[in-house]
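Chemist: Before we start, here is the structure in question, set down as structure tokens.
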Amino acid sequence: MTDRSPSSPSITPGRLPAGQAPPTSAPAAPAPAGPGREARHQPQDTGLAADRVSWGVDGRLVLDGVALAAPGAAVTGLLGPNGSGKSTLLRAIAGVRPPDDGGVVFDGDDLLRLGRRARARTLALVEQDAGTDLPVTVHDAVLLGRIPHRSLLAGPSDADRETADRALERAGAAELADREVATLSGGERQRVHLARALAQTPRLLLLDEPTNHLDVAAQLHTMRVLRTLADDGVTVLAALHDLNLAAATCDHVVLIDRGRVVAAGPTAQVLVPEIIEPTYGVSCDVLRHPRTGRPVLTFSTAPVPGSVH
Ligand SMILES: Nc1ncnc2c1ncn2[C@@H]1O[C@H](COP(=O)(O)OP(=O)(O)OP(=O)(O)O)[C@@H](O)[C@H]1O
């Protein structure tokens, strides 16, 4: 079921009327969980729009008509419990495992119809635990990110090396440049994967759990990198488990459960107990950060049905 039907429909983002500012809020209003209340993407001028994306395996729908928007120059968090379909959705958007049905448009281009090379110039995907046992140095691994930007027979140019150096620096991995990738710790590898993606200079950056394995300082560093990339105009969509990291950084969030979008919108409107509790099966309180005013979430186990405590 991995082959995309040539007749799969594509979508075209609507254009704003002349003189109208692009939307500053998320394209989909928060919607509580429940059949028939799935969030819908709305027209947007720049950024990513996925529509009715479905993918199944072994007769089971893993993605069930997902509609999602990640506005340009913003950080969008893709949230959801284990097994909800976040990685599958990112892979579908990136064309690594194309959807069985649905469309994915980025800045007006049908991503699923772009050739491999054109797609690699447009987007980068940082996958979860994407390991390599090849005897390659970190610097060379990051240089691989430049391949889509040069002719197939040419070696890396000085400009490619400089771009790779800057990417290593930005990802906080410069001191690892001469190490072999296979010898790195999980957190070190994570930074290298981010650096490789940055060296690709994508306009759309997709990340699957980019803070996995990272200590708290490295987590904050990575989220700051995502923030500055968005400020530079990159469209960022990151699958995150840590709802507080999402709360602190994301402009918008999309929450999925069992392959369907259950809520989407501005971060503070989605990260509320009424939406989080039924989706994750926990009790949740939302406080305000004293300095930033952003949501801070605390969790406890949900009451056991029938319990007197
Ligand atoms: N190739 C496959 N074959 C069978 N099942 C699959 C395959 N790929 C994904 N799945 C199933 O699809 C569901 C969604 O998986 P996915 O990895 O997208 O979830 P996720 O939200 O990223 O989860 P996590 O937060 O645990 O990383 C899971 O139940 C998973 O077991």
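We name chains A, B, ... following the order of the structure tokens; residues begin at 1 in each chain, and ligands are numbered from 1 as shown.
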Show me which residues sit within 6 Å of ligand 1 when counting only C-alpha atoms and all ligand atoms, and put them as a PyMOL selection string.

Modeler: chain A and resi 57+62+81-88

Chemist: Please, which residues of range 78-304 of chain A, numbered as in this document, come out helix (DSSP H, G or I) from DSSP, as a PyMOL selection string?

Modeler: chain A and resi 86-94+111-113+116-122+138-149+158-170+174-176+181-183+186-199+216-231+243-249+267-270+273-280

Chemist: Of the candidates A:Leu245, A:Arg196, A:Leu63, A:Ile275, which shows the shortest atom-to-atom distance to Ala217 in chain A, using only C-alpha atoms?

Modeler: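 Ranking A:Leu245, A:Arg196, A:Leu63, A:Ile275 by distance to Ala217 in chain A, first place goes to A:Leu245.
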
Chemist: Within range 55-141 of chain A, find each residue whose DSSP state, derived from the backbone, is strand (DSSP E), and express the selection as a count of residues only.

Modeler: 32

Chemist: Report the distance between CA of Ala167 in chain A and CA of Ala199 in chain A in Å, rounded to one decimal place.

Modeler: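 Separation of CA of Ala167 in chain A and CA of Ala199 in chain A: 5.3 Å.
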
Chemist: Grab the CA of Ser283 in chain A to CA of Pro295 in chain A distance for me, in Å with one decimal place.

Modeler: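 These atoms are spaced 15.5 Å apart.
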
Chemist: I want to know what sits within 8 Å of Arg227 in chain A, based on only C-alpha atoms, with residues of the same chain fewer than 6 positions away left out; could you give that as JSON, numbers by chain?

Modeler: {"A": [74, 75, 249]}

Chemist: Compile the contact shell of Ala94 in chain A as an NGL selection string: residues with an atom at most 10 Å away, counting only C-alpha atoms, same-chain residues fewer than 6 positions apart removed.

Modeler: :A and (88 or 104 or 111-112 or 119-120 or 122-125 or 204-206)

Chemist: Please produce a file of the residues just selected, as a PDB file, in the first residue's frame, where the atoms kept are N, CA and C atoms.

Modeler:
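So the final result, stored in selection_2.pdb, reads:
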```
ATOM      1  N   THR A  88       4.723   8.578  10.694  1.00  0.00           N
ATOM      2  CA  THR A  88       4.153   8.173   9.407  1.00  0.00           C
ATOM      3  C   THR A  88       3.726   9.401   8.611  1.00  0.00           C
ATOM      4  N   VAL A 104      -0.243  17.008  -0.782  1.00  0.00           N
ATOM      5  CA  VAL A 104       0.659  17.781   0.070  1.00  0.00           C
ATOM      6  C   VAL A 104       1.243  18.906  -0.784  1.00  0.00           C
ATOM      7  N   LEU A 111       4.169  18.701  -3.503  1.00  0.00           N
ATOM      8  CA  LEU A 111       5.403  18.035  -3.048  1.00  0.00           C
ATOM      9  C   LEU A 111       5.510  16.609  -3.561  1.00  0.00           C
ATOM     10  N   LEU A 112       4.360  15.934  -3.655  1.00  0.00           N
ATOM     11  CA  LEU A 112       4.403  14.515  -4.004  1.00  0.00           C
ATOM     12  C   LEU A 112       4.704  14.302  -5.480  1.00  0.00           C
ATOM     13  N   ARG A 119      12.847  17.811  -4.654  1.00  0.00           N
ATOM     14  CA  ARG A 119      12.288  17.695  -3.304  1.00  0.00           C
ATOM     15  C   ARG A 119      13.386  17.871  -2.252  1.00  0.00           C
ATOM     16  N   ALA A 120      14.561  17.306  -2.542  1.00  0.00           N
ATOM     17  CA  ALA A 120      15.656  17.410  -1.568  1.00  0.00           C
ATOM     18  C   ALA A 120      16.207  18.827  -1.482  1.00  0.00           C
ATOM     19  N   THR A 122      14.138  21.294  -1.558  1.00  0.00           N
ATOM     20  CA  THR A 122      13.033  22.017  -0.922  1.00  0.00           C
ATOM     21  C   THR A 122      12.910  21.679   0.560  1.00  0.00           C
ATOM     22  N   LEU A 123      13.010  20.389   0.860  1.00  0.00           N
ATOM     23  CA  LEU A 123      12.728  19.980   2.238  1.00  0.00           C
ATOM     24  C   LEU A 123      13.805  19.044   2.773  1.00  0.00           C
ATOM     25  N   ALA A 124      13.943  19.068   4.093  1.00  0.00           N
ATOM     26  CA  ALA A 124      14.813  18.103   4.773  1.00  0.00           C
ATOM     27  C   ALA A 124      14.001  17.445   5.875  1.00  0.00           C
ATOM     28  N   LEU A 125      14.241  16.158   6.059  1.00  0.00           N
ATOM     29  CA  LEU A 125      13.567  15.398   7.113  1.00  0.00           C
ATOM     30  C   LEU A 125      14.624  14.858   8.073  1.00  0.00           C
ATOM     31  N   LEU A 204      11.611  23.926   3.875  1.00  0.00           N
ATOM     32  CA  LEU A 204      10.678  23.199   4.750  1.00  0.00           C
ATOM     33  C   LEU A 204      11.497  22.189   5.543  1.00  0.00           C
ATOM     34  N   LEU A 205      11.459  22.314   6.859  1.00  0.00           N
ATOM     35  CA  LEU A 205      12.218  21.404   7.715  1.00  0.00           C
ATOM     36  C   LEU A 205      11.244  20.566   8.534  1.00  0.00           C
ATOM     37  N   LEU A 206      11.322  19.256   8.350  1.00  0.00           N
ATOM     38  CA  LEU A 206      10.486  18.305   9.075  1.00  0.00           C
ATOM     39  C   LEU A 206      11.373  17.566  10.064  1.00  0.00           C
TER      40      LEU A 206
END
```

Chemist: Got a sec: who's within 8 Å of Asn212 in chain A, counting only C-alpha atoms, leaving out chain neighbours fewer than 6 positions off, as a list in words?

Modeler: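 Here the answer would be Gln128, Gly187 and Gln190 of chain A.
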
Chemist: If we count only C-alpha atoms and set the cut-off at 8 Å, which residues sit around range 142-154 of chain A, ignoring sequence neighbours fewer than 3 positions away in its own chain? Please answer as JSON, numbers by chain.

Modeler: {"A": [117, 118, 120, 121, 138, 139, 160, 161, 164, 167, 168, 192, 193, 195, 196, 197, 198, 199, 200]}

Chemist: Please produce an output containing C-alpha atoms for each residue in the selection, written as a CSV table (one decimal), in the first residue's frame.

Modeler:
```csv
chain,number,residue,atom,x,y,z
A,117,ARG,CA,16.3,16.1,-6.4
A,118,ALA,CA,13.9,19.0,-6.5
A,120,ALA,CA,15.7,17.4,-1.6
A,121,ARG,CA,16.4,21.0,-2.4
A,138,VAL,CA,30.7,13.9,11.0
A,139,HIS,CA,31.9,16.6,8.6
A,160,ASP,CA,29.6,23.6,0.3
A,161,ARG,CA,32.2,23.1,3.0
A,164,ALA,CA,28.5,22.5,6.3
A,167,ALA,CA,25.4,24.0,9.9
A,168,LEU,CA,27.6,22.2,12.4
A,192,VAL,CA,24.7,15.8,13.6
A,193,HIS,CA,21.4,14.8,12.0
A,195,ALA,CA,23.4,19.8,11.1
A,196,ARG,CA,23.0,17.6,8.0
A,197,ALA,CA,19.5,18.9,7.5
A,198,LEU,CA,20.6,22.5,8.0
A,199,ALA,CA,23.4,22.0,5.4
A,200,GLN,CA,20.6,21.1,3.0
```
